[in-house]
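Student: If you scroll down you'll find the structure; I have some questions about it.
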Amino acid sequence: RFKAVIFDLDGVITDTAHYHYLAWKRLAESQGVHFDHAFNENLKGIDRMGSLDLILAGAKRAYTPEEKLALADEKNLHYQELIATMSASDLLPGAVAALDTVRAAGLRIGLASVSKNAFTVLERLGITDKFDYVVDAATIARGKPDPEIFLKAARELGVAPADCLGVEDAVAGVASIKSAGMFALGIGHPFVLTQADVVITSLSEFNLAAY
Ligand code: G6P
Ligand code: MG
């Protein structure tokens, strides 16, 4: 019944969340801000500057816009060092099979990640050509939970939002899919992804015919 499937990247197709965690932790601690896995959960699906603002809310002083840009660049350089060694072995279980199932069913495939490193990550994973359209995060004005990124993907794929299935691991991402008027498949836990239409543990449970 769907005409397109639009995937998130981090936490759905590959576990870059761990690399984001390491890079943010070093940055936060350099500013005297405590950083742990629980706090990192709040950053899932949130863009770079939005994440930095959440971290610096715990700092002892205010930061100028120039200082914030420098800190965001520092984090990103560290993150890029961490992802430089990624390969196809970093694909999450079921990810390639899910993409191939969608392709075989004749549906269009999009990627909607707010990460400005998404193109690099897809290249490292070796799956760039599995997507008909990848949103360039640099062209997105409003991050998740705003529907902008999923709506843009649908428009570029030439499919109405109501005919799209969105796949997300973040609370903000599921909210973005739902406000875009799409069916939301959550990857994670139903107690967390309460807005999702269906929740599965990982893409290894992906079953297109069931949604
Ligand atoms: C994804 C991740 C976030 C990350 C964001 C921006 O949404 O889930 O943790 O902050 O992308 O990534 P970037 O690579 O542009 O800094
Ligand atoms: Mg994600």
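Letters A, B, ... go to the chains of the structure tokens in the order shown; residues in each chain start at 1; ligands are counted from 1 in the same order.
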What does the list of residues within 10 Å of ligand 2 look like if you count only C-alpha atoms and all ligand atoms, written as a ChimeraX atom specification?

Tutor: /A:7-17,43-46,112-115,167-174,187

Student: What would the file look like if the residues just selected were written as a short mmCIF file (atom, residue, chain, number, x, y, z; two decimals), in the first residue's frame with N, CA and C atoms?

Tutor:
data_model
loop_
_atom_site.label_atom_id
_atom_site.label_comp_id
_atom_site.auth_asym_id
_atom_site.auth_seq_id
_atom_site.Cartn_x
_atom_site.Cartn_y
_atom_site.Cartn_z
N PHE A 7 13.92 6.41 5.14
CA PHE A 7 14.67 5.94 6.30
C PHE A 7 15.46 7.08 6.96
N ASP A 8 15.54 7.03 8.28
CA ASP A 8 16.53 7.80 9.03
C ASP A 8 17.83 6.99 8.93
N LEU A 9 18.95 7.60 9.26
CA LEU A 9 20.24 6.91 9.14
C LEU A 9 20.80 6.45 10.50
N ASP A 10 21.16 7.45 11.34
CA ASP A 10 21.81 7.16 12.62
C ASP A 10 20.87 6.39 13.54
N GLY A 11 21.25 5.20 13.93
CA GLY A 11 20.42 4.40 14.84
C GLY A 11 19.42 3.51 14.15
N VAL A 12 19.28 3.66 12.82
CA VAL A 12 18.36 2.82 12.05
C VAL A 12 19.15 1.91 11.12
N ILE A 13 20.04 2.53 10.36
CA ILE A 13 20.83 1.79 9.38
C ILE A 13 22.23 1.46 9.92
N THR A 14 22.74 2.37 10.77
CA THR A 14 24.07 2.16 11.35
C THR A 14 24.11 2.81 12.73
N ASP A 15 25.01 2.32 13.58
CA ASP A 15 25.03 2.84 14.94
C ASP A 15 26.05 3.96 15.13
N THR A 16 25.88 5.04 14.37
CA THR A 16 26.76 6.20 14.55
C THR A 16 26.47 6.92 15.86
N ALA A 17 25.34 6.58 16.49
CA ALA A 17 25.00 7.22 17.77
C ALA A 17 26.15 7.11 18.77
N LEU A 43 19.72 13.76 22.67
CA LEU A 43 20.31 14.38 21.48
C LEU A 43 20.00 13.60 20.20
N LYS A 44 19.43 12.41 20.33
CA LYS A 44 19.16 11.59 19.14
C LYS A 44 18.22 12.33 18.19
N GLY A 45 18.64 12.42 16.94
CA GLY A 45 17.79 13.06 15.93
C GLY A 45 17.83 14.58 15.96
N ILE A 46 18.54 15.15 16.94
CA ILE A 46 18.61 16.61 17.06
C ILE A 46 19.85 17.11 16.31
N ALA A 112 16.27 10.46 5.12
CA ALA A 112 15.98 11.74 5.77
C ALA A 112 16.74 11.83 7.08
N SER A 113 18.03 12.23 6.98
CA SER A 113 18.86 12.40 8.18
C SER A 113 19.24 13.86 8.29
N VAL A 114 19.20 14.41 9.50
CA VAL A 114 19.63 15.80 9.67
C VAL A 114 21.15 15.91 9.78
N SER A 115 21.85 14.78 9.66
CA SER A 115 23.30 14.81 9.77
C SER A 115 23.95 15.33 8.49
N VAL A 167 10.80 5.58 8.72
CA VAL A 167 11.44 4.67 9.68
C VAL A 167 12.40 5.46 10.56
N GLU A 168 12.22 5.40 11.86
CA GLU A 168 12.97 6.26 12.81
C GLU A 168 13.24 5.60 14.16
N ASP A 169 14.37 5.96 14.76
CA ASP A 169 14.69 5.45 16.11
C ASP A 169 14.55 6.52 17.18
N ALA A 170 14.38 7.77 16.78
CA ALA A 170 14.34 8.86 17.76
C ALA A 170 12.92 9.37 17.99
N VAL A 171 12.64 9.81 19.21
CA VAL A 171 11.32 10.37 19.54
C VAL A 171 11.04 11.57 18.62
N ALA A 172 12.04 12.44 18.46
CA ALA A 172 11.87 13.63 17.61
C ALA A 172 11.64 13.23 16.15
N GLY A 173 12.25 12.14 15.73
CA GLY A 173 12.11 11.67 14.35
C GLY A 173 10.72 11.11 14.09
N VAL A 174 10.20 10.33 15.03
CA VAL A 174 8.85 9.78 14.89
C VAL A 174 7.84 10.93 14.85
N ILE A 187 11.93 2.18 15.46
CA ILE A 187 12.96 1.17 15.73
C ILE A 187 13.41 1.41 17.16
#

Student: Counting only C-alpha atoms, what is within 12 Å of Asp73 of chain A, bar same-chain residues fewer than 6 positions away, as an NGL selection string?

Tutor: :A and (23-24 or 27 or 48-49 or 52 or 66-67 or 79-80 or 116)

Student: Can you pull out the residues contacting Ile109 of chain A? Cut-off 6 Å, using only C-alpha atoms, and skip same-chain residues under 4 positions away; I want them as a VMD selection string.

Tutor: chain A and resid 4 to 6 131 to 132

Student: Using the selection just defined, write its residues with C-alpha atoms as a PDB file, in the first residue's frame.

Tutor:
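This is the output file result.pdb:
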ATOM      1  CA  ALA A   4       7.929   4.988  -0.824  1.00  0.00           C
ATOM      2  CA  VAL A   5       9.902   4.229   2.313  1.00  0.00           C
ATOM      3  CA  ILE A   6      11.954   7.024   3.881  1.00  0.00           C
ATOM      4  CA  PHE A 131      18.696   5.339  -2.341  1.00  0.00           C
ATOM      5  CA  ASP A 132      16.678   7.179  -4.991  1.00  0.00           C
TER       6      ASP A 132
END

Student: Find, counting only C-alpha atoms and all ligand atoms, the residue in A:Asn117, A:Gln195, A:Asn40, A:Ser89 that gets nearest to ligand 1.

Tutor: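 When distances to ligand 1 are compared using only C-alpha atoms and all ligand atoms, the smallest one comes from A:Asn117.
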
Student: Write out as number ranges by chain each polymer residue whose atoms come within 9 Å of Leu151 of chain A, counting only C-alpha atoms; drop sequence neighbours fewer than 4 positions from it.

Tutor: A: 147, 155-156, 160-161, 177, 180-181

Student: Residues as selected, C-alpha atoms, written as a compact mmCIF listing (two decimals), in the first residue's frame, can you do that?

Tutor:
# COMPACT_ATOMS: atom_id res chain seq x y z
CA PRO A 147 8.13 17.60 9.37
CA ARG A 155 8.32 15.68 -2.62
CA GLU A 156 11.65 14.83 -4.27
CA ALA A 160 2.35 11.94 -1.54
CA PRO A 161 3.15 11.91 2.21
CA ILE A 177 7.09 11.56 10.43
CA ALA A 180 4.31 14.95 7.89
CA GLY A 181 1.19 12.75 7.70

Student: Considering only C-alpha atoms, can you say which of A:Leu125, A:Val192, A:Ala105, A:Leu69 comes closest to Asn42 of chain A?

Tutor: A:Val192

Student: Considering only C-alpha atoms, state which residue in the set A:Met86, A:Leu71, A:Phe206, A:Thr64 is at the smallest distance from Asp100 of chain A.

Tutor: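 So, comparing all the options, the nearest one is A:Phe206.
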
Student: Counting only C-alpha atoms, which residue out of A:Thr120, A:Ser51, A:Ser202, A:Gln31 sits closest to Ala84 of chain A?

Tutor: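 Nearest candidate to Ala84 of chain A out of A:Thr120, A:Ser51, A:Ser202, A:Gln31: A:Thr120.
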
Student: Using DSSP secondary structure from the backbone, list all strand (DSSP E or B) positions within segment 73-192 of chain A, as a PyMOL selection string.

Tutor: chain A and resi 91+108-111+133-134+164-168+183-187

Student: With C-alpha atoms kept, could you save the residues just selected as a PDB file, in the first residue's frame?

Tutor:
ATOM      1  CA  LEU A  91      25.626  -1.756   9.005  1.00  0.00           C
ATOM      2  CA  ARG A 108      10.944   4.426  -3.987  1.00  0.00           C
ATOM      3  CA  ILE A 109      13.599   4.785  -1.265  1.00  0.00           C
ATOM      4  CA  GLY A 110      14.613   8.001   0.495  1.00  0.00           C
ATOM      5  CA  LEU A 111      16.957   9.011   3.297  1.00  0.00           C
ATOM      6  CA  TYR A 133      16.996  10.401  -3.036  1.00  0.00           C
ATOM      7  CA  VAL A 134      19.058  11.548  -0.031  1.00  0.00           C
ATOM      8  CA  CYS A 164       5.046   7.056   2.581  1.00  0.00           C
ATOM      9  CA  LEU A 165       6.353   4.849   5.366  1.00  0.00           C
ATOM     10  CA  GLY A 166       8.913   6.618   7.590  1.00  0.00           C
ATOM     11  CA  VAL A 167      11.438   4.673   9.678  1.00  0.00           C
ATOM     12  CA  GLU A 168      12.966   6.257  12.810  1.00  0.00           C
ATOM     13  CA  PHE A 183       2.962   6.021   8.668  1.00  0.00           C
ATOM     14  CA  ALA A 184       5.691   5.782  11.328  1.00  0.00           C
ATOM     15  CA  LEU A 185       7.686   2.612  11.903  1.00  0.00           C
ATOM     16  CA  GLY A 186       9.691   2.980  15.119  1.00  0.00           C
ATOM     17  CA  ILE A 187      12.957   1.167  15.732  1.00  0.00           C
TER      18      ILE A 187
END
